[in-house]
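Note: the block below is my_file24.cif and it holds mmCIF, C-alpha atoms and all ligand atoms.
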```cif
data_query
loop_
_atom_site.label_atom_id
_atom_site.label_comp_id
_atom_site.auth_asym_id
_atom_site.auth_seq_id
_atom_site.Cartn_x
_atom_site.Cartn_y
_atom_site.Cartn_z
CA MET A 192 0.00 0.00 0.00
CA THR A 193 1.34 3.48 -0.85
CA THR A 194 1.91 5.93 2.00
CA LYS A 195 -0.50 8.85 1.73
CA VAL A 196 1.31 12.12 2.38
CA PRO A 197 -1.08 14.99 3.19
CA PHE A 198 -0.15 18.53 2.17
CA TYR A 199 -1.21 20.06 5.47
CA VAL A 200 -2.71 18.94 8.79
CA HIS A 201 -3.74 21.58 11.35
CA ASP A 202 -2.60 21.25 14.95
CA LEU A 203 -5.62 22.71 16.73
CA GLY A 204 -6.61 20.57 19.69
CA GLU A 205 -7.93 20.51 23.24
CA ARG A 206 -6.74 24.02 24.17
CA GLU A 207 -8.57 25.58 21.23
CA ILE A 208 -11.67 23.48 21.93
CA ALA A 209 -11.64 24.59 25.59
CA GLN A 210 -11.38 28.27 24.63
CA VAL A 211 -14.17 28.02 22.08
CA ARG A 212 -16.32 26.25 24.68
CA GLU A 213 -15.79 29.25 27.00
CA VAL A 214 -17.07 31.59 24.30
CA LEU A 215 -20.10 29.42 23.67
CA LYS A 216 -20.93 29.45 27.37
CA GLY A 217 -20.90 33.26 27.33
CA ARG A 218 -23.18 35.72 25.56
CA ILE A 219 -20.96 37.42 22.99
CA LEU A 220 -20.33 35.26 19.96
CA THR A 221 -19.37 38.14 17.66
CA THR A 222 -16.57 40.71 18.12
CA GLY A 223 -15.90 41.14 21.84
CA GLU A 224 -13.30 40.74 24.56
CA TYR A 225 -11.64 37.64 23.06
CA VAL A 226 -11.06 39.60 19.85
CA HIS A 227 -9.62 42.55 21.77
CA GLN A 228 -7.34 40.27 23.78
CA PHE A 229 -6.18 38.69 20.54
CA GLU A 230 -5.48 42.15 19.06
CA ARG A 231 -3.36 43.13 22.08
CA GLU A 232 -1.37 39.89 22.04
CA PHE A 233 -0.91 39.93 18.26
CA ALA A 234 0.42 43.52 18.30
CA GLN A 235 2.74 42.58 21.16
CA CYS A 236 4.03 39.45 19.43
CA LEU A 237 4.93 41.55 16.38
CA GLY A 238 6.34 44.41 18.47
CA ARG A 239 3.87 46.84 16.89
CA ARG A 240 1.59 49.40 18.58
CA HIS A 241 -1.75 48.36 17.10
CA ALA A 242 -3.48 45.36 15.58
CA VAL A 243 -7.03 45.12 14.26
CA ALA A 244 -8.54 41.66 13.86
CA LEU A 245 -10.53 41.12 10.66
CA ASN A 246 -12.23 38.26 8.89
CA SER A 247 -9.57 38.01 6.14
CA CYS A 248 -6.22 39.28 4.92
CA THR A 249 -7.92 40.36 1.70
CA GLY A 250 -10.13 42.71 3.74
CA GLY A 251 -7.03 43.94 5.58
CA ILE A 252 -5.31 44.93 2.33
CA HIS A 253 -8.48 46.58 1.03
CA LEU A 254 -9.02 48.64 4.18
CA SER A 255 -5.31 49.47 4.60
CA LEU A 256 -5.30 51.02 1.14
CA LEU A 257 -8.48 52.99 1.87
CA ALA A 258 -7.18 54.19 5.24
CA LEU A 259 -3.97 55.35 3.53
CA GLY A 260 -5.91 57.34 0.95
CA VAL A 261 -5.44 55.03 -2.04
CA GLY A 262 -8.43 54.97 -4.39
CA PRO A 263 -9.73 55.39 -7.94
CA GLY A 264 -7.14 56.60 -10.45
CA ASP A 265 -4.22 55.49 -8.26
CA GLU A 266 -1.64 52.82 -9.07
CA VAL A 267 -0.17 50.31 -6.63
CA ILE A 268 3.07 48.52 -7.52
CA THR A 269 3.02 44.84 -6.66
CA THR A 270 4.10 41.34 -7.68
CA PRO A 271 2.50 38.99 -10.20
CA LEU A 272 3.79 35.91 -8.30
CA THR A 273 1.29 35.72 -5.46
CA PHE A 274 -2.24 34.72 -4.55
CA ILE A 275 -4.80 36.76 -6.51
CA ALA A 276 -6.05 38.48 -3.33
CA SER A 277 -2.93 40.71 -3.18
CA SER A 278 -4.20 42.33 -6.38
CA THR A 279 -7.97 41.90 -6.15
CA ALA A 280 -7.84 43.90 -2.90
CA ILE A 281 -6.13 46.74 -4.81
CA ILE A 282 -8.93 46.62 -7.36
CA GLU A 283 -11.55 46.56 -4.59
CA ALA A 284 -10.01 49.80 -3.29
CA GLY A 285 -10.62 51.27 -6.77
CA ALA A 286 -6.93 51.39 -7.71
CA LYS A 287 -4.91 49.61 -10.39
CA PRO A 288 -2.30 46.92 -9.68
CA VAL A 289 0.93 47.57 -11.61
CA PHE A 290 3.13 44.50 -11.66
CA VAL A 291 6.91 44.37 -11.61
CA ASP A 292 8.95 41.21 -12.00
CA VAL A 293 10.39 39.15 -9.16
CA GLU A 294 13.77 37.89 -7.93
CA PRO A 295 14.58 34.60 -9.67
CA ASP A 296 15.91 32.82 -6.58
CA THR A 297 13.30 33.82 -3.98
CA GLY A 298 10.24 34.80 -6.07
CA ASN A 299 9.87 38.01 -4.03
CA LEU A 300 9.10 41.40 -5.58
CA ASP A 301 12.41 42.71 -6.95
CA ALA A 302 13.08 46.04 -5.22
CA ASN A 303 15.55 46.95 -8.00
CA ARG A 304 12.72 47.02 -10.55
CA VAL A 305 10.28 49.16 -8.58
CA LYS A 306 11.64 52.61 -9.43
CA ALA A 307 11.13 52.11 -13.17
CA ALA A 308 7.42 51.36 -12.62
CA ILE A 309 6.67 54.56 -10.65
CA THR A 310 4.40 57.07 -12.45
CA LYS A 311 2.55 60.23 -11.42
CA ARG A 312 -0.35 58.00 -10.37
CA THR A 313 1.64 55.64 -8.12
CA LYS A 314 0.42 55.89 -4.53
CA ALA A 315 1.70 52.74 -2.86
CA ILE A 316 3.89 49.65 -3.02
CA LEU A 317 2.41 46.30 -2.00
CA PRO A 318 5.19 43.75 -1.37
CA VAL A 319 4.25 40.15 -0.57
CA HIS A 320 6.54 38.25 1.80
CA LEU A 321 6.31 35.16 -0.36
CA PHE A 322 6.44 31.74 1.33
CA GLY A 323 7.48 33.48 4.59
CA LEU A 324 10.65 35.28 3.44
CA MET A 325 10.38 39.04 3.91
CA CYS A 326 11.02 41.30 0.95
CA ASP A 327 13.87 43.80 1.17
CA MET A 328 11.94 46.32 3.28
CA ARG A 329 14.91 48.65 3.78
CA ALA A 330 15.25 49.09 0.02
CA LEU A 331 11.49 49.45 -0.50
CA ARG A 332 11.13 52.00 2.31
CA ALA A 333 13.94 54.10 0.80
CA ILE A 334 12.17 54.11 -2.59
CA ALA A 335 8.80 54.86 -0.97
CA ASP A 336 10.26 57.77 1.02
CA ALA A 337 11.99 59.22 -2.04
CA HIS A 338 8.68 59.21 -3.96
CA GLY A 339 6.15 59.90 -1.20
CA LEU A 340 4.57 56.43 -1.43
CA ARG A 341 2.77 54.29 1.13
CA ILE A 342 3.64 50.65 1.77
CA VAL A 343 1.08 47.95 2.56
CA GLU A 344 2.75 44.60 3.27
CA ASP A 345 0.94 41.42 2.30
CA SER A 346 2.21 39.36 5.21
CA ALA A 347 -0.24 36.47 4.77
CA HIS A 348 2.73 34.08 4.77
CA CYS A 349 4.83 35.82 7.36
CA ILE A 350 4.05 36.29 11.03
CA GLU A 351 7.35 35.07 12.45
CA GLY A 352 9.73 36.37 9.77
CA ARG A 353 12.32 39.14 10.06
CA ARG A 354 14.97 40.48 7.74
CA ASP A 355 17.87 42.84 8.48
CA GLY A 356 16.36 43.10 11.96
CA VAL A 357 13.07 44.38 10.48
CA GLY A 358 9.73 42.67 11.11
CA PRO A 359 6.34 42.95 9.39
CA ALA A 360 4.68 46.40 9.66
CA GLU A 361 7.89 47.97 10.96
CA PHE A 362 8.83 49.70 7.70
CA GLY A 363 5.44 49.38 6.00
CA ASP A 364 2.47 51.59 6.90
CA THR A 365 0.52 48.43 7.63
CA ALA A 366 1.07 44.68 7.30
CA CYS A 367 -1.83 42.34 6.59
CA PHE A 368 -2.05 38.76 7.90
CA SER A 369 -4.19 35.75 7.07
CA PHE A 370 -5.54 33.08 9.42
CA PHE A 371 -6.89 30.97 6.57
CA ALA A 372 -7.06 27.21 7.16
CA THR A 373 -3.44 26.40 6.20
CA LYS A 374 -1.68 29.44 7.63
CA ASN A 375 0.86 29.41 10.48
CA MET A 376 -1.91 30.62 12.83
CA THR A 377 -5.43 29.68 11.84
CA CYS A 378 -9.06 29.95 12.83
CA GLY A 379 -10.35 28.55 9.53
CA GLU A 380 -10.89 31.99 8.04
CA GLY A 381 -9.59 35.22 9.54
CA GLY A 382 -7.10 38.03 9.26
CA ALA A 383 -5.56 41.07 10.93
CA ILE A 384 -3.62 44.22 10.21
CA ALA A 385 -0.76 45.57 12.30
CA THR A 386 0.49 49.14 12.28
CA ASP A 387 2.27 51.72 14.43
CA ASN A 388 -0.10 54.41 13.17
CA GLU A 389 -2.95 55.04 15.60
CA ARG A 390 -5.10 56.96 13.11
CA VAL A 391 -4.78 54.23 10.48
CA ALA A 392 -5.69 51.53 13.04
CA ALA A 393 -8.76 53.53 14.16
CA ASP A 394 -9.89 54.10 10.56
CA ILE A 395 -9.48 50.41 9.68
CA LEU A 396 -11.46 49.42 12.78
CA ALA A 397 -14.35 51.74 11.82
CA LEU A 398 -14.23 50.68 8.15
CA SER A 399 -14.42 47.01 9.23
CA ASN A 400 -17.68 47.66 11.10
CA HIS A 401 -19.87 49.29 8.42
CA GLY A 402 -18.34 52.70 9.26
CA MET A 403 -20.49 52.72 12.43
CA THR A 404 -19.54 54.65 15.57
CA LYS A 405 -20.67 51.78 17.86
CA THR A 406 -20.09 48.03 17.76
CA SER A 407 -22.38 45.32 19.05
CA ASN A 408 -19.91 44.81 21.92
CA ASP A 409 -20.35 48.48 22.89
CA ARG A 410 -24.09 47.82 23.02
CA PHE A 411 -23.47 44.87 25.33
CA ARG A 412 -21.12 46.85 27.60
CA GLU A 413 -22.94 50.19 27.71
CA GLY A 414 -26.52 49.32 26.78
CA TYR A 415 -28.07 50.65 23.61
CA LYS A 416 -27.06 54.16 22.55
CA HIS A 417 -27.82 55.81 19.21
CA TRP A 418 -24.99 55.50 16.73
CA ASP A 419 -23.99 57.33 13.57
CA MET A 420 -22.44 56.24 10.27
CA PRO A 421 -20.06 59.06 9.33
CA GLU A 422 -18.33 57.05 6.60
CA PHE A 423 -19.17 54.16 4.30
CA GLY A 424 -17.76 50.88 5.63
CA TRP A 425 -17.57 47.12 5.16
CA LYS A 426 -18.36 44.07 7.28
CA TYR A 427 -14.92 42.62 7.95
CA ASN A 428 -14.92 41.96 11.73
CA LEU A 429 -13.65 38.79 13.42
CA SER A 430 -15.83 36.88 15.92
CA ASN A 431 -15.05 35.88 19.51
CA ILE A 432 -15.32 32.24 18.40
CA GLN A 433 -12.48 32.67 15.92
CA ALA A 434 -10.37 34.77 18.29
CA ALA A 435 -10.73 32.09 20.98
CA MET A 436 -9.31 29.58 18.53
CA LEU A 437 -6.32 31.84 17.82
CA LEU A 438 -5.37 32.73 21.41
CA PRO A 439 -3.72 29.42 22.45
CA GLN A 440 -1.62 29.42 19.26
CA PHE A 441 0.72 32.24 20.33
CA GLU A 442 2.77 29.92 22.51
CA ARG A 443 3.14 27.41 19.67
CA LEU A 444 4.46 29.99 17.17
CA GLU A 445 8.13 29.58 18.05
CA PRO A 446 8.19 25.81 18.63
CA ASN A 447 6.24 25.31 15.40
CA LEU A 448 8.69 27.51 13.51
CA ARG A 449 11.56 25.38 14.83
CA LYS A 450 9.75 22.25 13.64
CA ARG A 451 9.12 23.71 10.17
CA GLU A 452 12.73 24.87 9.97
CA ALA A 453 13.94 21.33 10.76
CA LEU A 454 11.64 19.91 8.05
CA ALA A 455 12.92 22.51 5.57
CA GLN A 456 16.52 21.61 6.40
CA ARG A 457 15.78 17.92 5.82
CA TYR A 458 14.08 18.61 2.50
CA ALA A 459 17.01 20.81 1.42
CA GLU A 460 19.55 18.21 2.48
CA ARG A 461 17.77 15.33 0.74
CA LEU A 462 17.03 17.28 -2.45
CA LYS A 463 20.65 18.42 -2.91
CA GLY A 464 21.29 15.23 -4.83
CA VAL A 465 18.28 15.65 -7.14
CA PRO A 466 19.39 18.00 -9.93
CA SER A 467 15.91 18.47 -11.45
CA VAL A 468 14.55 19.81 -8.16
CA GLN A 469 15.76 23.15 -6.82
CA VAL A 470 14.94 24.53 -3.42
CA MET A 471 13.97 28.23 -3.26
CA ALA A 472 16.58 30.55 -1.78
CA THR A 473 16.40 32.39 1.50
CA ARG A 474 18.54 35.35 2.63
CA GLU A 475 21.43 35.19 5.11
CA GLU A 476 20.12 38.07 7.17
CA ALA A 477 16.57 36.70 7.37
CA ILE A 478 14.50 34.62 9.75
CA HIS A 479 12.29 32.74 7.29
CA ALA A 480 8.73 32.21 8.56
CA ARG A 481 8.64 28.91 6.61
CA HIS A 482 4.97 29.06 5.70
CA LEU A 483 5.34 26.89 2.59
CA PHE A 484 8.05 24.67 1.16
CA PRO A 485 8.16 25.32 -2.59
CA VAL A 486 10.62 23.77 -5.02
CA ARG A 487 11.33 24.45 -8.69
CA ILE A 488 11.13 21.59 -11.15
CA VAL A 489 13.82 22.35 -13.71
CA ALA A 490 14.48 20.48 -16.96
CA LYS A 491 11.29 18.41 -16.47
CA ASP A 492 7.64 19.13 -17.10
CA ARG A 493 6.23 20.48 -13.81
CA ASP A 494 2.66 19.44 -14.57
CA ALA A 495 3.75 15.87 -15.32
CA VAL A 496 5.61 15.77 -11.98
CA LEU A 497 2.45 17.07 -10.23
CA GLU A 498 0.47 14.18 -11.71
CA GLN A 499 3.10 11.60 -10.76
CA LEU A 500 3.23 12.89 -7.18
CA LYS A 501 -0.55 12.67 -7.02
CA ALA A 502 -0.45 9.10 -8.32
CA ALA A 503 2.06 8.26 -5.57
CA GLY A 504 -0.35 9.56 -2.90
CA ILE A 505 1.52 12.81 -2.28
CA GLU A 506 -0.61 15.95 -2.04
CA THR A 507 0.87 19.12 -3.48
CA VAL A 508 -0.31 22.53 -4.67
CA VAL A 509 1.13 25.27 -6.85
CA ASN A 510 1.88 28.60 -5.18
CA TYR A 511 1.55 30.29 -7.67
CA ARG A 512 1.09 30.53 -11.41
CA ALA A 513 1.85 34.15 -12.41
CA ILE A 514 -1.45 35.97 -11.92
CA HIS A 515 -1.09 38.52 -14.75
CA LEU A 516 -1.75 35.61 -17.14
CA LEU A 517 -5.07 34.68 -15.52
CA SER A 518 -7.99 35.55 -17.80
CA TYR A 519 -9.32 38.41 -15.66
CA PHE A 520 -6.02 40.28 -15.50
CA ARG A 521 -5.32 39.78 -19.21
CA LYS A 522 -8.82 41.01 -20.05
CA THR A 523 -8.93 44.03 -17.75
CA LEU A 524 -5.28 45.12 -17.59
CA GLY A 525 -4.04 43.91 -20.98
CA TYR A 526 -1.18 41.79 -19.69
CA LYS A 527 0.23 39.03 -21.93
CA PRO A 528 2.85 36.26 -21.90
CA GLY A 529 6.37 37.67 -21.81
CA ASP A 530 5.50 40.73 -19.69
CA PHE A 531 7.11 39.34 -16.52
CA PRO A 532 9.34 36.49 -17.69
CA ILE A 533 10.86 35.60 -14.32
CA ALA A 534 7.47 35.30 -12.59
CA GLU A 535 6.15 33.33 -15.56
CA LYS A 536 9.06 30.90 -15.48
CA LEU A 537 8.74 30.35 -11.73
CA GLY A 538 4.97 29.99 -12.18
CA ASP A 539 5.65 27.14 -14.62
CA GLN A 540 8.20 25.45 -12.33
CA LEU A 541 6.95 25.75 -8.75
CA ILE A 542 5.45 22.97 -6.66
CA SER A 543 4.69 23.34 -2.94
CA LEU A 544 5.57 20.12 -1.14
CA PRO A 545 3.74 18.79 1.94
CA PHE A 546 4.72 20.92 4.92
CA TYR A 547 3.23 21.45 8.41
CA PRO A 548 4.71 21.52 11.93
CA ASN A 549 3.88 17.95 12.96
CA MET A 550 4.72 16.39 9.61
CA PRO A 551 6.66 13.14 10.22
CA MET A 552 10.26 13.24 8.95
CA ALA A 553 9.49 9.88 7.31
CA HIS A 554 7.01 11.72 5.07
CA VAL A 555 9.68 14.21 4.03
CA ASP A 556 11.89 11.26 3.12
CA ARG A 557 9.04 9.61 1.22
CA VAL A 558 8.43 12.79 -0.83
CA CYS A 559 12.14 13.08 -1.60
CA ASP A 560 12.41 9.39 -2.58
CA VAL A 561 9.46 9.74 -4.96
CA LEU A 562 10.82 12.98 -6.44
CA GLN A 563 14.14 11.28 -7.01
CA GLU A 564 12.43 8.33 -8.68
CA ILE A 565 10.18 10.50 -10.88
CA THR A 566 12.89 12.83 -12.06
CA GLY A 567 15.26 9.97 -12.77
CA HIS A 568 18.22 10.88 -10.55
C1 LIG B 1 -0.10 35.85 -0.34
C2 LIG B 1 -1.53 35.89 0.09
N1 LIG B 1 -2.16 37.07 0.13
C3 LIG B 1 -3.44 37.17 0.53
C4 LIG B 1 -4.16 36.07 0.90
C5 LIG B 1 -5.58 36.21 1.27
O1 LIG B 1 -5.83 35.82 2.59
P1 LIG B 1 -7.31 35.62 3.09
O2 LIG B 1 -7.81 34.34 2.56
O3 LIG B 1 -7.17 35.62 4.61
O4 LIG B 1 -8.09 36.79 2.61
C6 LIG B 1 -3.55 34.80 0.88
C7 LIG B 1 -4.33 33.62 1.26
O5 LIG B 1 -4.08 32.49 1.00
C8 LIG B 1 -2.21 34.71 0.45
O6 LIG B 1 -1.59 33.52 0.41
#
```
Show how you would write the structure in this file as structure tokens.
Amino acid sequence: MTTKVPFYVHDLGEREIAQVREVLKGRILTTGEYVHQFEREFAQCLGRRHAVALNSCTGGIHLSLLALGVGPGDEVITTPLTFIASSTAIIEAGAKPVFVDVEPDTGNLDANRVKAAITKRTKAILPVHLFGLMCDMRALRAIADAHGLRIVEDSAHCIEGRRDGVGPAEFGDTACFSFFATKNMTCGEGGAIATDNERVAADILALSNHGMTKTSNDRFREGYKHWDMPEFGWKYNLSNIQAAMLLPQFERLEPNLRKREALAQRYAERLKGVPSVQVMATREEAIHARHLFPVRIVAKDRDAVLEQLKAAGIETVVNYRAIHLLSYFRKTLGYKPGDFPIAEKLGDQLISLPFYPNMPMAHVDRVCDVLQEITGH
């Protein structure tokens, strides 16, 4: 019988169940004290002044852009090698994503290419810390400062990462996080922004609650009072149930990172002898958050390898095919093959291998054995 190797298995357990049970025994299922406790602890864990919990990272990017004054007619420079939400959130804000190509060894937005893409309409840069490796924030901040631009970090893959001593939301105006089902912290669906800017945090909070001046938790605490809606807003708040699931995960962040780092080292070690499979690079000065473990399939057909891994019982995904070539972006923004050759090449080569904190080392070995077999080395 072939060993089944799952792509991801969550590690939520009794502590999360106990916390959720506490919420269910209480009266406030929606945004309340558990959410506010989560916001305080999340800001503290990142070393930032403020965090606002939301129901997705996509919503966090959307509201960050709005709170920073980005809107219709504006351009936001970003990467085509990412999940679509990095760019659909720009479009939701009314602005236009302008792609620049990526670094060939990491897949991250190439800071050296950003300047050439700046126009009179550019308002912001939206780097994505791909796979958990932070972009070069010192370089991006210098460019942003020289041109009066804002920075919104898509940190969906990167809670624990640092680079050059800089963490998420330290050099950016905000950083946006995802607690989607496979992320390093998860409550099934959820998100947050972090920022040092009090005004931006307050605006994002109001925008996430229909633009209302009172929340349902205020009503619970103070009794009903009339409220106003000074601005238009969205419905992006997180519930107490989800926050309760997230709270016990803070103390597992570091041990889980150590486990993922050990798995990554084993993969790298084992794959050294497999010339058709190349591990993505990291940077010396970085702590890699190790959200995913992608490899490049070189000199072989990636899609054929995907099929063979599937046939061997090994689950994989592709993060990502270059998004400017998806039908919507071609149709609306006029992009075509050849526009961003490095992102396109990586998009044709990448496979994300099974990777999660409690993954057995024997499964890493199994994946490597099968890859070796398939690629003929
Ligand atoms: C790079 C990146 N950005 C944004 C998102 C969107 O996150 P969410 O599903 O929380 O909106 C994801 C989710 O997978 C992602 O991987």
List all protein, DNA and RNA residues that have any atom at most 6 Å from ligand LIG 1 (chain B), counting only C-alpha atoms and all ligand atoms, and write the list as an mmCIF file with C-alpha atoms, keeping the file's coordinate frame.
```cif
data_model
loop_
_atom_site.group_PDB
_atom_site.id
_atom_site.type_symbol
_atom_site.label_atom_id
_atom_site.label_comp_id
_atom_site.auth_asym_id
_atom_site.auth_seq_id
_atom_site.Cartn_x
_atom_site.Cartn_y
_atom_site.Cartn_z
ATOM 1 C CA SER A 247 -9.570 38.010 6.140
ATOM 2 C CA CYS A 248 -6.220 39.280 4.920
ATOM 3 C CA THR A 249 -7.920 40.360 1.700
ATOM 4 C CA THR A 273 1.290 35.720 -5.460
ATOM 5 C CA PHE A 274 -2.240 34.720 -4.550
ATOM 6 C CA ALA A 276 -6.050 38.480 -3.330
ATOM 7 C CA SER A 277 -2.930 40.710 -3.180
ATOM 8 C CA ASP A 345 0.940 41.420 2.300
ATOM 9 C CA ALA A 347 -0.240 36.470 4.770
ATOM 10 C CA SER A 369 -4.190 35.750 7.070
ATOM 11 C CA PHE A 370 -5.540 33.080 9.420
ATOM 12 C CA PHE A 371 -6.890 30.970 6.570
ATOM 13 C CA GLY A 381 -9.590 35.220 9.540
ATOM 14 C CA GLY A 382 -7.100 38.030 9.260
#
```
With distances taken over all atoms listed in the file, which of A:Gly538, A:Pro551, A:Gly379, A:Gly250 is nearest to Glu283 of chain A?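 Smallest distance to Glu283 of chain A is found for A:Gly250.
Atom CA of Asp301 of chain A sits 13.9 Å away from atom CA of Thr473 of chain A.
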Which residue gives the smallest distance to Pro485 of chain A among A:Ile533, A:Ile542, A:Ala366, A:Met436, with only C-alpha atoms counted?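 The answer is A:Ile542, which sits nearest to Pro485 of chain A.
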My list of candidates is A:Ala242, A:Ala372, A:Leu300, A:Leu203. Which is closest to Arg390 of chain A when distances are computed with all atoms listed in the file?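 Smallest separation from Arg390 of chain A among the options: A:Ala242.
Minimum atom-to-atom distance to Ala434 of chain A, evaluated using all atoms listed in the file, belongs to A:Met376 out of A:Asp292, A:Ile565, A:Met376, A:His401.
Take atom CA of Pro446 of chain A and atom CA of Gly323 of chain A: the distance between them is 16.0 Å.
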Would you kindly return, as a list of chain:residue names, each protein, DNA or RNA residue with an atom no farther than 10 Å from any atom of Asp556 of chain A, considering only C-alpha atoms and excluding same-chain residues fewer than 5 positions away?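 Selected residues are A:Leu454, A:Arg457, A:Tyr458, A:Arg461, A:Leu462, A:Pro551, A:Val561, A:Leu562.
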Could you check the closest approach to Gly298 of chain A for each of A:Leu324, A:Gly238, A:Ser430, A:Leu256 and tell me which residue wins, using only C-alpha atoms? A:Leu324
Spatial neighbours of Ile282 of chain A, 10 Å, all atoms listed in the file, chain gap at least 6 places, as a PDB file with C-alpha atoms, in the frame of the given file:
```pdb
ATOM      1  CA  HIS A 253      -8.480  46.580   1.030  1.00  0.00           C
ATOM      2  CA  GLY A 262      -8.430  54.970  -4.390  1.00  0.00           C
ATOM      3  CA  PRO A 263      -9.730  55.390  -7.940  1.00  0.00           C
ATOM      4  CA  GLU A 266      -1.640  52.820  -9.070  1.00  0.00           C
ATOM      5  CA  VAL A 267      -0.170  50.310  -6.630  1.00  0.00           C
ATOM      6  CA  ALA A 276      -6.050  38.480  -3.330  1.00  0.00           C
ATOM      7  CA  PRO A 288      -2.300  46.920  -9.680  1.00  0.00           C
TER       8      PRO A 288
END
```
Calculate how many Å separate atom CA of Val211 of chain A from atom CA of Pro359 of chain A, rounding to one decimal.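 A separation of 28.4 Å between them.
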Taking (15.1, 38.4, -0.2) in the file's coordinates, which residues come within 9 Å, counting all atoms listed in the file, written as JSON, numbers by chain? {"A": [294, 296, 297, 298, 299, 300, 301, 320, 324, 325, 326, 327, 354, 472, 473, 474, 475, 476, 477]}
Minimum-distance residue to Phe531 of chain A, chosen among A:Arg304, A:Lys216, A:Lys450, A:His417 (using only C-alpha atoms): A:Arg304
Give me the residues near Leu517 of chain A as number ranges by chain, where near means some atom within 12 Å (using all atoms listed in the file) and where sequence neighbours in that chain fewer than 2 positions away do not count. A: 271-275, 278, 511-515, 519-528, 535, 538
Residues near Lys405 of chain A, anyone? I mean within 10 Å using all atoms listed in the file, not counting same-chain ones fewer than 6 positions away, as number ranges by chain. A: 397, 415-420
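Residue neighbourhood of Val558 of chain A, excluding near-sequence residues (fewer than 2 positions): A:Val196, A:Tyr458, A:Leu500, A:Ile505, A:Leu544, A:Pro545, A:Ala553, A:His554, A:Val555, A:Asp556, A:Asp560, A:Val561, A:Leu562, A:Gln563, at 9 Å, using all atoms listed in the file.
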Sphere at (10.4, 54.8, -9.5), radius 9 Å, counting all atoms listed in the file: residues as a ChimeraX atom specification: /A:304-310,313,334-335,337-338
